[in-house]
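Engineer: Below is the file structure-v4.tsv, which contains TSV, C-alpha atoms and all ligand atoms.
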chain	number	residue	atom	x	y	z
A	160	MET	CA	0.00	0.00	0.00
A	161	LYS	CA	1.32	3.40	-1.03
A	162	LYS	CA	1.76	5.73	1.93
A	163	ALA	CA	0.62	9.38	2.14
A	164	ASP	CA	3.26	11.95	1.33
A	165	LEU	CA	4.01	13.15	4.85
A	166	ASP	CA	7.22	14.01	6.71
A	167	TRP	CA	6.59	11.14	9.17
A	168	GLU	CA	9.70	11.73	11.31
A	169	ASN	CA	8.78	15.35	12.01
A	170	LEU	CA	5.06	15.22	12.74
A	171	GLY	CA	3.80	17.05	15.81
A	172	PHE	CA	0.63	16.26	17.74
A	173	GLY	CA	-1.81	18.06	15.46
A	174	TYR	CA	-4.86	17.41	13.33
A	175	ILE	CA	-4.13	16.33	9.77
A	176	GLN	CA	-7.40	15.69	7.97
A	177	THR	CA	-7.59	12.38	6.15
A	178	GLU	CA	-10.16	11.47	3.48
A	179	LYS	CA	-12.26	8.96	5.39
A	180	ARG	CA	-14.02	8.63	8.73
A	181	TYR	CA	-16.61	6.28	10.29
A	182	VAL	CA	-20.09	7.42	11.28
A	183	THR	CA	-23.14	5.79	12.84
A	184	ASN	CA	-26.37	7.37	14.13
A	185	PHE	CA	-28.60	6.44	17.05
A	186	LYS	CA	-32.30	7.08	16.41
A	187	ASP	CA	-35.55	5.52	17.69
A	188	GLY	CA	-33.60	3.59	20.29
A	189	LYS	CA	-31.06	1.89	18.02
A	190	TRP	CA	-27.77	2.38	16.19
A	191	ASP	CA	-27.68	2.04	12.40
A	192	SER	CA	-25.14	-0.28	10.84
A	193	GLY	CA	-22.51	2.48	10.32
A	194	GLU	CA	-20.52	3.53	7.28
A	195	ILE	CA	-17.39	5.24	6.05
A	196	THR	CA	-17.92	8.80	4.84
A	197	SER	CA	-15.73	11.44	3.20
A	198	ASP	CA	-17.48	14.35	4.90
A	199	ALA	CA	-15.41	15.71	7.77
A	200	ASN	CA	-18.05	18.32	8.61
A	201	ILE	CA	-21.09	17.82	10.81
A	202	VAL	CA	-24.28	19.86	10.43
A	203	LEU	CA	-26.20	20.16	13.70
A	204	ASN	CA	-29.34	21.88	14.89
A	205	GLU	CA	-28.56	25.01	16.95
A	206	CYS	CA	-30.16	23.39	19.99
A	207	ALA	CA	-28.34	20.02	19.78
A	208	GLY	CA	-27.65	18.42	23.19
A	209	VAL	CA	-23.91	18.59	22.67
A	210	LEU	CA	-23.99	22.34	21.96
A	211	GLN	CA	-26.25	23.27	24.87
A	212	TYR	CA	-25.34	20.85	27.66
A	213	ALA	CA	-21.98	19.41	26.54
A	214	GLN	CA	-23.29	15.87	26.15
A	215	THR	CA	-20.20	14.39	24.54
A	216	VAL	CA	-17.63	11.71	25.36
A	217	PHE	CA	-14.56	10.50	23.49
A	218	GLU	CA	-11.70	8.01	23.38
A	219	GLY	CA	-8.11	8.04	22.15
A	220	LEU	CA	-6.00	5.14	20.91
A	221	LYS	CA	-3.19	4.51	18.47
A	222	VAL	CA	-2.64	2.30	15.45
A	223	TYR	CA	0.88	1.14	14.55
A	224	THR	CA	2.79	-0.60	11.81
A	225	THR	CA	4.66	-3.47	13.44
A	226	LYS	CA	8.22	-4.43	12.56
A	227	ASP	CA	6.95	-7.23	10.33
A	228	GLY	CA	4.54	-4.91	8.51
A	229	HIS	CA	1.17	-5.61	10.17
A	230	ILE	CA	-1.28	-2.87	11.08
A	231	VAL	CA	-2.37	-3.19	14.70
A	232	ALA	CA	-4.19	-1.35	17.49
A	233	PHE	CA	-3.25	-1.53	21.16
A	234	ARG	CA	-5.99	-2.88	23.46
A	235	PRO	CA	-8.98	-1.28	21.67
A	236	ASP	CA	-11.35	-3.47	23.70
A	237	LEU	CA	-10.46	-1.36	26.74
A	238	ASN	CA	-11.35	1.83	24.85
A	239	ALA	CA	-14.72	0.28	23.95
A	240	GLU	CA	-15.28	-0.62	27.59
A	241	ARG	CA	-14.31	2.84	28.88
A	242	LEU	CA	-16.53	4.50	26.27
A	243	MET	CA	-19.47	2.48	27.65
A	244	ASP	CA	-18.69	3.70	31.17
A	245	SER	CA	-18.51	7.30	29.93
A	246	CYS	CA	-21.82	6.93	28.05
A	247	LYS	CA	-23.63	5.50	31.05
A	248	ARG	CA	-22.47	8.36	33.28
A	249	LEU	CA	-23.74	11.00	30.81
A	250	GLU	CA	-27.01	9.16	30.02
A	251	MET	CA	-25.93	8.38	26.48
A	252	PRO	CA	-26.70	5.14	24.63
A	253	VAL	CA	-23.91	2.57	24.81
A	254	LEU	CA	-22.25	1.22	21.72
A	255	SER	CA	-21.37	-2.48	21.88
A	256	GLU	CA	-17.72	-3.54	21.86
A	257	GLU	CA	-18.52	-5.41	18.65
A	258	GLN	CA	-19.75	-2.29	16.86
A	259	PHE	CA	-16.86	-0.21	18.23
A	260	ILE	CA	-14.30	-2.70	16.90
A	261	ASP	CA	-16.17	-3.06	13.60
A	262	GLY	CA	-16.18	0.75	13.13
A	263	LEU	CA	-12.51	0.92	14.08
A	264	GLU	CA	-11.59	-1.79	11.60
A	265	LYS	CA	-13.46	-0.02	8.77
A	266	LEU	CA	-11.83	3.28	9.71
A	267	VAL	CA	-8.33	1.82	9.86
A	268	MET	CA	-8.66	0.00	6.55
A	269	ALA	CA	-10.00	3.18	4.90
A	270	ASN	CA	-6.97	5.10	6.24
A	271	GLU	CA	-4.24	2.55	5.56
A	272	GLU	CA	-2.09	5.06	3.68
A	273	TYR	CA	-2.00	7.23	6.81
A	274	VAL	CA	-0.69	4.52	9.14
A	275	PRO	CA	2.91	5.68	9.63
A	276	PRO	CA	5.66	3.30	8.49
A	277	PHE	CA	7.48	1.31	11.19
A	278	GLY	CA	10.44	3.07	12.76
A	279	THR	CA	9.40	6.66	12.01
A	280	GLY	CA	8.25	7.38	15.56
A	281	ALA	CA	4.87	8.49	14.22
A	282	THR	CA	1.55	6.70	14.86
A	283	LEU	CA	-2.01	6.96	13.63
A	284	TYR	CA	-4.00	8.56	16.45
A	285	ILE	CA	-7.62	7.43	16.49
A	286	ARG	CA	-10.36	9.59	17.97
A	287	PRO	CA	-13.74	7.89	18.58
A	288	TYR	CA	-16.43	10.21	19.97
A	289	MET	CA	-20.17	10.43	20.58
A	290	PHE	CA	-22.49	13.38	21.06
A	291	GLY	CA	-26.16	14.26	21.54
A	292	SER	CA	-27.41	15.50	18.18
A	293	ASN	CA	-31.11	16.40	18.44
A	294	PRO	CA	-32.53	19.59	20.01
A	295	VAL	CA	-32.94	19.70	23.81
A	296	ILE	CA	-33.79	22.90	25.67
A	297	GLY	CA	-34.95	21.62	29.05
A	298	VAL	CA	-32.01	20.02	30.87
A	299	LYS	CA	-32.30	16.39	29.83
A	300	PRO	CA	-30.43	13.84	27.73
A	301	ALA	CA	-30.82	13.96	23.94
A	302	ASP	CA	-32.79	11.19	22.16
A	303	GLU	CA	-30.54	11.04	19.10
A	304	TYR	CA	-26.77	10.62	18.97
A	305	GLN	CA	-23.95	10.36	16.51
A	306	PHE	CA	-20.81	8.26	17.00
A	307	ARG	CA	-17.85	8.94	14.77
A	308	ILE	CA	-14.23	7.85	14.51
A	309	PHE	CA	-11.57	9.82	12.69
A	310	ALA	CA	-7.83	9.26	12.35
A	311	THR	CA	-4.92	11.67	12.26
A	312	PRO	CA	-1.21	10.85	11.97
A	313	VAL	CA	0.76	12.21	14.92
A	314	GLY	CA	4.22	12.55	16.39
A	315	PRO	CA	5.11	13.23	20.05
A	316	TYR	CA	2.56	15.00	22.28
A	317	PHE	CA	5.06	17.35	23.91
A	318	LYS	CA	7.07	19.66	21.68
A	319	GLY	CA	10.85	19.52	21.72
A	320	GLY	CA	11.42	15.75	21.76
A	321	ILE	CA	12.23	13.78	24.89
A	322	ARG	CA	13.05	16.27	27.58
A	323	PRO	CA	12.19	16.58	31.27
A	324	LEU	CA	8.87	18.41	31.53
A	325	ARG	CA	8.19	21.31	33.88
A	326	LEU	CA	4.89	20.90	35.69
A	327	CYS	CA	3.02	23.13	38.12
A	328	VAL	CA	0.24	22.42	40.56
A	329	SER	CA	-2.94	23.92	39.15
A	330	ASP	CA	-4.87	26.49	41.19
A	331	PHE	CA	-8.00	24.98	39.66
A	332	ASP	CA	-9.55	21.58	40.37
A	333	ARG	CA	-10.09	19.04	37.60
A	334	ALA	CA	-12.85	16.82	38.91
A	335	ALA	CA	-15.01	16.82	42.01
A	336	PRO	CA	-15.22	13.80	44.30
A	337	HIS	CA	-18.08	11.69	42.86
A	338	GLY	CA	-17.94	13.86	39.72
A	339	THR	CA	-16.86	12.94	36.18
A	340	GLY	CA	-13.07	12.66	36.56
A	341	ASN	CA	-13.13	8.90	35.96
A	342	ILE	CA	-14.79	9.13	32.53
A	343	LYS	CA	-13.56	10.62	29.27
A	344	ALA	CA	-16.05	13.47	28.88
A	345	GLY	CA	-15.34	16.63	26.88
A	346	LEU	CA	-16.46	18.68	29.86
A	347	ASN	CA	-13.38	17.58	31.85
A	348	TYR	CA	-11.17	19.07	29.15
A	349	ALA	CA	-13.23	22.26	28.67
A	350	MET	CA	-12.63	23.10	32.31
A	351	SER	CA	-8.87	22.51	31.88
A	352	LEU	CA	-8.41	24.99	29.01
A	353	HIS	CA	-8.03	28.12	31.14
A	354	ALA	CA	-5.68	26.21	33.46
A	355	ILE	CA	-3.44	24.97	30.61
A	356	VAL	CA	-3.31	28.37	28.89
A	357	THR	CA	-2.29	29.86	32.24
A	358	ALA	CA	0.34	27.16	32.84
A	359	HIS	CA	1.85	27.66	29.37
A	360	ALA	CA	1.89	31.46	29.83
A	361	ASN	CA	3.87	30.88	33.04
A	362	GLY	CA	6.40	28.65	31.26
A	363	TYR	CA	5.12	25.21	32.33
A	364	ASP	CA	4.36	22.23	30.08
A	365	GLU	CA	1.40	20.82	32.02
A	366	ASN	CA	-0.70	21.07	35.17
A	367	VAL	CA	-0.79	18.62	38.03
A	368	TYR	CA	-4.24	18.46	39.63
A	369	LEU	CA	-4.61	17.74	43.33
A	370	ASP	CA	-7.62	16.08	44.94
A	371	PRO	CA	-10.23	18.84	45.26
A	372	ALA	CA	-11.45	17.80	48.71
A	373	THR	CA	-8.16	18.24	50.59
A	374	ARG	CA	-5.72	19.56	47.96
A	375	THR	CA	-3.01	17.38	49.48
A	376	LYS	CA	-3.00	14.35	47.15
A	377	ILE	CA	-1.74	13.92	43.60
A	378	GLU	CA	-4.45	13.09	41.06
A	379	GLU	CA	-3.19	13.39	37.47
A	380	THR	CA	-2.34	15.94	34.78
A	381	GLY	CA	-4.70	17.44	32.21
A	382	GLY	CA	-4.03	14.68	29.67
A	383	ALA	CA	-2.21	11.81	31.40
A	384	ASN	CA	-1.95	9.72	34.58
A	385	MET	CA	1.23	9.92	36.66
A	386	LEU	CA	3.64	7.35	37.99
A	387	PHE	CA	6.59	7.64	40.34
A	388	VAL	CA	9.69	5.53	40.87
A	389	SER	CA	11.07	4.84	44.36
A	390	LYS	CA	14.60	6.04	45.12
A	391	ASP	CA	16.01	2.49	44.97
A	392	GLY	CA	14.51	2.06	41.48
A	393	LYS	CA	12.70	-1.15	42.45
A	394	LYS	CA	9.16	0.07	42.91
A	395	ILE	CA	6.59	2.00	40.93
A	396	VAL	CA	4.09	4.05	42.87
A	397	ILE	CA	0.83	5.04	41.19
A	398	PRO	CA	-1.69	7.50	42.62
A	399	LYS	CA	-5.02	5.86	43.40
A	400	SER	CA	-8.17	7.95	43.22
A	401	ASP	CA	-11.77	7.50	42.11
A	402	SER	CA	-11.68	10.79	40.24
A	403	ILE	CA	-8.84	10.13	37.79
A	404	LEU	CA	-9.21	8.61	34.34
A	405	PRO	CA	-8.45	4.86	34.35
A	406	SER	CA	-5.61	5.16	31.84
A	407	ILE	CA	-5.13	2.16	29.58
A	408	THR	CA	-1.43	3.00	29.26
A	409	ARG	CA	-1.01	3.13	33.03
A	410	ARG	CA	-2.90	-0.15	33.53
A	411	SER	CA	-0.69	-1.75	30.88
A	412	LEU	CA	2.46	-0.39	32.54
A	413	VAL	CA	1.47	-2.10	35.78
A	414	THR	CA	1.62	-5.43	33.93
A	415	VAL	CA	4.84	-4.46	32.16
A	416	ALA	CA	6.50	-3.51	35.46
A	417	LYS	CA	5.37	-6.65	37.30
A	418	ASP	CA	5.58	-9.33	34.59
A	419	TYR	CA	8.31	-8.08	32.26
A	420	LEU	CA	10.59	-6.05	34.56
A	421	ASP	CA	10.04	-7.90	37.83
A	422	MET	CA	9.28	-4.70	39.71
A	423	GLU	CA	7.00	-4.05	42.63
A	424	VAL	CA	3.94	-1.87	41.98
A	425	GLU	CA	2.11	0.06	44.66
A	426	GLN	CA	-1.21	1.79	43.93
A	427	ARG	CA	-2.16	4.11	46.75
A	428	GLU	CA	-2.86	7.70	47.66
A	429	VAL	CA	0.24	9.82	46.99
A	430	LEU	CA	0.71	13.03	48.94
A	431	PHE	CA	2.16	16.12	47.27
A	432	GLU	CA	4.43	16.43	50.32
A	433	GLU	CA	6.09	13.05	49.64
A	434	LEU	CA	7.23	13.82	46.09
A	435	GLY	CA	10.78	14.28	47.38
A	436	ASP	CA	10.89	10.51	48.05
A	437	PHE	CA	10.87	9.58	44.35
A	438	SER	CA	13.70	9.45	41.82
A	439	GLU	CA	11.67	9.56	38.61
A	440	CYS	CA	8.23	10.70	37.53
A	441	GLY	CA	6.45	9.99	34.26
A	442	LEU	CA	3.24	11.00	32.53
A	443	CYS	CA	1.46	8.07	30.97
A	444	GLY	CA	-1.24	8.08	28.36
A	445	THR	CA	-1.93	7.22	24.73
A	446	ALA	CA	-0.68	10.62	23.54
A	447	ALA	CA	2.05	11.05	26.18
A	448	VAL	CA	3.19	7.36	26.07
A	449	ILE	CA	5.57	7.84	29.06
A	450	SER	CA	6.98	11.33	29.12
A	451	PRO	CA	9.61	12.14	31.73
A	452	VAL	CA	8.92	14.86	34.30
A	453	GLY	CA	11.81	17.08	35.41
A	454	THR	CA	10.18	19.27	38.05
A	455	ILE	CA	6.86	19.81	39.80
A	456	GLU	CA	6.29	23.20	41.41
A	457	GLY	CA	3.52	24.13	43.82
A	458	LYS	CA	2.70	25.33	47.32
A	459	GLY	CA	5.98	27.29	47.36
A	460	LYS	CA	8.04	24.13	46.78
A	461	GLU	CA	9.84	22.59	43.83
A	462	TYR	CA	10.46	18.86	43.56
A	463	SER	CA	12.92	17.68	40.96
A	464	PHE	CA	13.27	14.22	39.48
A	465	GLN	CA	15.87	12.36	37.50
A	466	ASP	CA	18.84	14.40	38.65
A	467	GLY	CA	21.55	14.13	36.06
A	468	PHE	CA	19.40	12.54	33.34
A	469	GLU	CA	18.97	14.34	30.06
A	470	GLY	CA	15.92	12.51	28.75
A	471	ARG	CA	14.06	9.63	30.34
A	472	GLY	CA	15.47	8.22	33.57
A	473	PRO	CA	16.60	4.56	33.68
A	474	VAL	CA	13.36	3.01	34.99
A	475	ILE	CA	11.10	5.09	32.77
A	476	THR	CA	13.33	4.19	29.83
A	477	LYS	CA	12.87	0.47	30.54
A	478	LEU	CA	9.11	0.90	30.88
A	479	TYR	CA	8.97	2.93	27.67
A	480	GLU	CA	11.05	0.50	25.66
A	481	THR	CA	9.11	-2.52	26.82
A	482	LEU	CA	5.70	-0.95	26.25
A	483	THR	CA	6.53	0.43	22.80
A	484	GLY	CA	8.28	-2.86	21.94
A	485	ILE	CA	5.00	-4.67	22.71
A	486	GLN	CA	2.95	-2.12	20.75
A	487	THR	CA	5.14	-2.40	17.65
A	488	GLY	CA	5.45	-6.17	17.71
A	489	GLN	CA	9.10	-6.39	18.78
A	490	ILE	CA	8.35	-7.88	22.18
A	491	GLU	CA	5.76	-10.60	22.69
A	492	ALA	CA	2.52	-9.09	23.99
A	493	PRO	CA	0.30	-10.54	26.70
A	494	GLU	CA	-2.65	-12.47	25.28
A	495	GLY	CA	-5.27	-10.20	23.71
A	496	TRP	CA	-3.34	-6.91	23.83
A	497	ILE	CA	-2.77	-6.53	20.10
A	498	LYS	CA	-5.64	-6.32	17.61
A	499	ARG	CA	-4.36	-7.00	14.11
A	500	PHE	CA	-6.19	-5.43	11.14
A	501	ALA	CA	-3.86	-6.23	8.25
B	1	LIG	N1	-5.77	11.04	31.98
B	1	LIG	C1	-6.35	11.94	31.16
B	1	LIG	C2	-6.99	13.13	31.78
B	1	LIG	C3	-6.32	11.74	29.78
B	1	LIG	O1	-6.87	12.63	28.96
B	1	LIG	C4	-5.68	10.60	29.26
B	1	LIG	C5	-5.67	10.35	27.83
B	1	LIG	O2	-6.36	9.54	27.31
B	1	LIG	C6	-5.09	9.69	30.14
B	1	LIG	C7	-5.16	9.95	31.50
B	1	LIG	C8	-4.42	8.47	29.66
B	1	LIG	O3	-5.32	7.46	29.33
B	1	LIG	P1	-4.95	6.36	28.23
B	1	LIG	O4	-3.69	5.74	28.68
B	1	LIG	O5	-6.09	5.44	28.27
B	1	LIG	O6	-4.80	7.09	26.96
B	2	LIG	C1	-5.01	10.63	24.77
B	2	LIG	O1	-3.91	10.41	25.26
B	2	LIG	O2	-5.54	9.89	23.95
B	2	LIG	C2	-5.78	11.80	25.17
B	2	LIG	O3	-6.96	11.82	24.96
B	2	LIG	C3	-5.10	12.93	25.79
B	2	LIG	C4	-5.36	14.21	25.10
B	2	LIG	C5	-4.84	15.27	25.99
B	2	LIG	C6	-4.74	14.29	23.75
Would you put the structure from the file into structure tokens?
Structural biologist:
Amino acid sequence: MKKADLDWENLGFGYIQTEKRYVTNFKDGKWDSGEITSDANIVLNECAGVLQYAQTVFEGLKVYTTKDGHIVAFRPDLNAERLMDSCKRLEMPVLSEEQFIDGLEKLVMANEEYVPPFGTGATLYIRPYMFGSNPVIGVKPADEYQFRIFATPVGPYFKGGIRPLRLCVSDFDRAAPHGTGNIKAGLNYAMSLHAIVTAHANGYDENVYLDPATRTKIEETGGANMLFVSKDGKKIVIPKSDSILPSITRRSLVTVAKDYLDMEVEQREVLFEELGDFSECGLCGTAAVISPVGTIEGKGKEYSFQDGFEGRGPVITKLYETLTGIQTGQIEAPEGWIKRFA
């Protein structure tokens, strides 16, 4: 298959429109069978549920070319499952895992020329999303919905290659206790826009959100979960909270650490005050993969990680290499992690 004429090695994390996307509509209580369309634009009534009351949820996953030339997705069943959880929380109709995977397969095959070649560092980022499409003016869920999936080829999420990121503790909260922090709803990101613009204006790469109830515990950043490495390099510590997104990357890294690297993994509440006890910190997510953190500033303090390392620290490097090795077919994956399309 001929590939699109793109400078694969130098892509940023931006939207590059491709020719094809998947679309299915929910009406009269059921989803239609779904199809590939060339139309990237959506025409909506002015009173559509998504426009008035932000009834929209999304997912993010990546498609890779493996070393031996197959086109694969990483754990898309978990994206389907998380989408269902998000839909239930926002009173939206669920889409079965079967239909999610079927739509993904159609989308990927229609965008084969945009799946970056192996070894370029680029990937095909996949964005599934659903929104309320019919008019609602009283506060209630819509009756009609659209689910779409588009693809866009991407490079690294953070500009400037692999470098230690500068984070700050946000003055704003991300998600209330018992709120929507554990689902992938657009509203969680709308609220983070002022915070990220402010962080960037102050010279930081990202925000760290603390638990809103006590503002003493680490939750996550605006677009990734966090993990920490103990000073002896033998243990990974992961913040546990009901209001953070259950990251598929982070859940996979727990398996990688335990089963591939023979490390101990502790999932527990992590206090901001104890950050000085860790040697490395990483941001983990589909877009971030595992990005190394250099410093976290907040409450008049600055904690720094990976003293003396230029890029990723030694433990984060091992985690990164093992995870990406699994994703690109160079290391044998646990059963069911890799969905092959071609
Ligand atoms: N946390 C937030 C707020 C995110 O937006 C993301 C991105 O999807 C993640 C964590 C990482 O989740 P995953 O590894 O499933 O991409
Ligand atoms: C992802 O990693 O897929 C996300 O949705 C994060 C977003 C900030 C790009």
Engineer: Which residues of chain A come within 6 Å of ligand LIG 2 (chain B), and for each one, what is the closest pair of atoms and their distance in Å to one decimal, counting only C-alpha atoms and all ligand atoms, sorted by chain and residue number, as a tab-separated table?
Structural biologist:
residue	atom	partner	partner_atom	distance
A:Gly219	CA	B:LIG2	O2	3.6
A:Leu220	CA	B:LIG2	O2	5.7
A:Gly382	CA	B:LIG2	C5	3.8
A:Gly444	CA	B:LIG2	O1	4.7
A:Thr445	CA	B:LIG2	O1	3.8
A:Ala446	CA	B:LIG2	O1	3.7
Engineer: Which residue gives the smallest distance to Ala232 of chain A among A:Phe331, A:Tyr284, A:Tyr419, A:Tyr181, with only C-alpha atoms counted?
Structural biologist: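 Of the candidates, the smallest distance to Ala232 of chain A is held by A:Tyr284.
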Engineer: When the cut-off is 8 Å and you count only C-alpha atoms and all ligand atoms, which residues lie near ligand LIG 1 (chain B), shown as a ChimeraX atom specification?
Structural biologist: /A:218-220,238,340,343,347-348,379-384,403-410,443-448
Engineer: Contacts of Ile342 of chain A at 9 Å or less, counting only C-alpha atoms, minus same-chain residues fewer than 6 places along, as a short mmCIF file (atom, residue, chain, number, x, y, z; two decimals) with C-alpha atoms, in the coordinates of the input?
Structural biologist:
data_model
loop_
_atom_site.label_atom_id
_atom_site.label_comp_id
_atom_site.auth_asym_id
_atom_site.auth_seq_id
_atom_site.Cartn_x
_atom_site.Cartn_y
_atom_site.Cartn_z
CA VAL A 216 -17.63 11.71 25.36
CA ARG A 241 -14.31 2.84 28.88
CA LEU A 242 -16.53 4.50 26.27
CA ASP A 244 -18.69 3.70 31.17
CA SER A 245 -18.51 7.30 29.93
CA CYS A 246 -21.82 6.93 28.05
CA ARG A 248 -22.47 8.36 33.28
CA SER A 402 -11.68 10.79 40.24
CA ILE A 403 -8.84 10.13 37.79
CA LEU A 404 -9.21 8.61 34.34
CA PRO A 405 -8.45 4.86 34.35
#
Engineer: Show which residues sit within 12 Å of Arg374 of chain A, as a PyMOL selection string. Count all atoms listed in the file, and ignore same-chain residues fewer than 4 positions away.
Structural biologist: chain A and resi 328-336+367-370+378+429-432+457-458
Engineer: Using all atoms listed in the file, determine which residues lie at most 6 Å from Gly171 of chain A, disregarding the query and same-chain residues fewer than 2 positions distant; provide the list as a list in words.
Structural biologist: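 In the requested format, the answer is Gly173, Val313, Gly314 and Pro315 of chain A.
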Engineer: Pick from A:Gly484, A:Lys460, A:Ser411, A:Phe387: nearest to Cys440 of chain A, with all atoms listed in the file counted?
Structural biologist: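 Looking at the shortest contact to Cys440 of chain A, the residue is A:Phe387.
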Engineer: Between A:Tyr462, A:Tyr273, A:Phe309, A:Tyr316, which one has atoms that come closest to Leu165 of chain A, using only C-alpha atoms?
Structural biologist: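 Result for the nearest residue to Leu165 of chain A: A:Tyr273.
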Engineer: Got a minute to add N, CA, C and O atoms to segment 190-205 of chain A and dump it as a PDB file, in the frame of the given file?
Structural biologist:
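The resulting rebuild.pdb:
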ATOM      1  N   TRP A 190     -28.850   1.926  17.070  1.00  0.00           N
ATOM      2  CA  TRP A 190     -27.770   2.380  16.190  1.00  0.00           C
ATOM      3  C   TRP A 190     -27.980   1.824  14.784  1.00  0.00           C
ATOM      4  O   TRP A 190     -28.410   0.673  14.640  1.00  0.00           O
ATOM      5  N   ASP A 191     -27.672   2.602  13.759  1.00  0.00           N
ATOM      6  CA  ASP A 191     -27.680   2.040  12.400  1.00  0.00           C
ATOM      7  C   ASP A 191     -26.392   1.242  12.189  1.00  0.00           C
ATOM      8  O   ASP A 191     -25.551   1.162  13.086  1.00  0.00           O
ATOM      9  N   SER A 192     -26.253   0.663  11.001  1.00  0.00           N
ATOM     10  CA  SER A 192     -25.140  -0.280  10.840  1.00  0.00           C
ATOM     11  C   SER A 192     -23.784   0.424  10.629  1.00  0.00           C
ATOM     12  O   SER A 192     -22.745  -0.226  10.687  1.00  0.00           O
ATOM     13  N   GLY A 193     -23.775   1.736  10.396  1.00  0.00           N
ATOM     14  CA  GLY A 193     -22.510   2.480  10.320  1.00  0.00           C
ATOM     15  C   GLY A 193     -21.877   2.422   8.955  1.00  0.00           C
ATOM     16  O   GLY A 193     -22.049   1.447   8.212  1.00  0.00           O
ATOM     17  N   GLU A 194     -21.179   3.498   8.600  1.00  0.00           N
ATOM     18  CA  GLU A 194     -20.520   3.530   7.280  1.00  0.00           C
ATOM     19  C   GLU A 194     -19.331   4.474   7.290  1.00  0.00           C
ATOM     20  O   GLU A 194     -19.186   5.299   8.184  1.00  0.00           O
ATOM     21  N   ILE A 195     -18.515   4.324   6.262  1.00  0.00           N
ATOM     22  CA  ILE A 195     -17.390   5.240   6.050  1.00  0.00           C
ATOM     23  C   ILE A 195     -17.896   6.408   5.208  1.00  0.00           C
ATOM     24  O   ILE A 195     -18.640   6.219   4.243  1.00  0.00           O
ATOM     25  N   THR A 196     -17.516   7.627   5.602  1.00  0.00           N
ATOM     26  CA  THR A 196     -17.920   8.800   4.840  1.00  0.00           C
ATOM     27  C   THR A 196     -16.701   9.691   4.570  1.00  0.00           C
ATOM     28  O   THR A 196     -15.720   9.638   5.317  1.00  0.00           O
ATOM     29  N   SER A 197     -16.824  10.513   3.524  1.00  0.00           N
ATOM     30  CA  SER A 197     -15.730  11.440   3.200  1.00  0.00           C
ATOM     31  C   SER A 197     -15.959  12.797   3.852  1.00  0.00           C
ATOM     32  O   SER A 197     -15.067  13.630   3.855  1.00  0.00           O
ATOM     33  N   ASP A 198     -17.150  13.016   4.382  1.00  0.00           N
ATOM     34  CA  ASP A 198     -17.480  14.350   4.900  1.00  0.00           C
ATOM     35  C   ASP A 198     -16.957  14.548   6.324  1.00  0.00           C
ATOM     36  O   ASP A 198     -17.447  13.934   7.273  1.00  0.00           O
ATOM     37  N   ALA A 199     -15.990  15.449   6.448  1.00  0.00           N
ATOM     38  CA  ALA A 199     -15.410  15.710   7.770  1.00  0.00           C
ATOM     39  C   ALA A 199     -16.239  16.711   8.563  1.00  0.00           C
ATOM     40  O   ALA A 199     -15.968  16.944   9.747  1.00  0.00           O
ATOM     41  N   ASN A 200     -17.239  17.316   7.921  1.00  0.00           N
ATOM     42  CA  ASN A 200     -18.050  18.320   8.610  1.00  0.00           C
ATOM     43  C   ASN A 200     -19.354  17.728   9.114  1.00  0.00           C
ATOM     44  O   ASN A 200     -19.904  16.802   8.526  1.00  0.00           O
ATOM     45  N   ILE A 201     -19.860  18.310  10.199  1.00  0.00           N
ATOM     46  CA  ILE A 201     -21.090  17.820  10.810  1.00  0.00           C
ATOM     47  C   ILE A 201     -22.060  19.003  10.860  1.00  0.00           C
ATOM     48  O   ILE A 201     -21.694  20.071  11.351  1.00  0.00           O
ATOM     49  N   VAL A 202     -23.268  18.799  10.353  1.00  0.00           N
ATOM     50  CA  VAL A 202     -24.280  19.860  10.430  1.00  0.00           C
ATOM     51  C   VAL A 202     -25.236  19.504  11.557  1.00  0.00           C
ATOM     52  O   VAL A 202     -25.796  18.411  11.584  1.00  0.00           O
ATOM     53  N   LEU A 203     -25.382  20.424  12.518  1.00  0.00           N
ATOM     54  CA  LEU A 203     -26.200  20.160  13.700  1.00  0.00           C
ATOM     55  C   LEU A 203     -27.242  21.243  13.885  1.00  0.00           C
ATOM     56  O   LEU A 203     -26.997  22.412  13.542  1.00  0.00           O
ATOM     57  N   ASN A 204     -28.360  20.886  14.489  1.00  0.00           N
ATOM     58  CA  ASN A 204     -29.340  21.880  14.890  1.00  0.00           C
ATOM     59  C   ASN A 204     -28.712  22.790  15.954  1.00  0.00           C
ATOM     60  O   ASN A 204     -27.912  22.332  16.775  1.00  0.00           O
ATOM     61  N   GLU A 205     -29.133  24.055  15.979  1.00  0.00           N
ATOM     62  CA  GLU A 205     -28.560  25.010  16.950  1.00  0.00           C
ATOM     63  C   GLU A 205     -28.791  24.594  18.402  1.00  0.00           C
ATOM     64  O   GLU A 205     -28.068  25.019  19.292  1.00  0.00           O
TER      65      GLU A 205
END
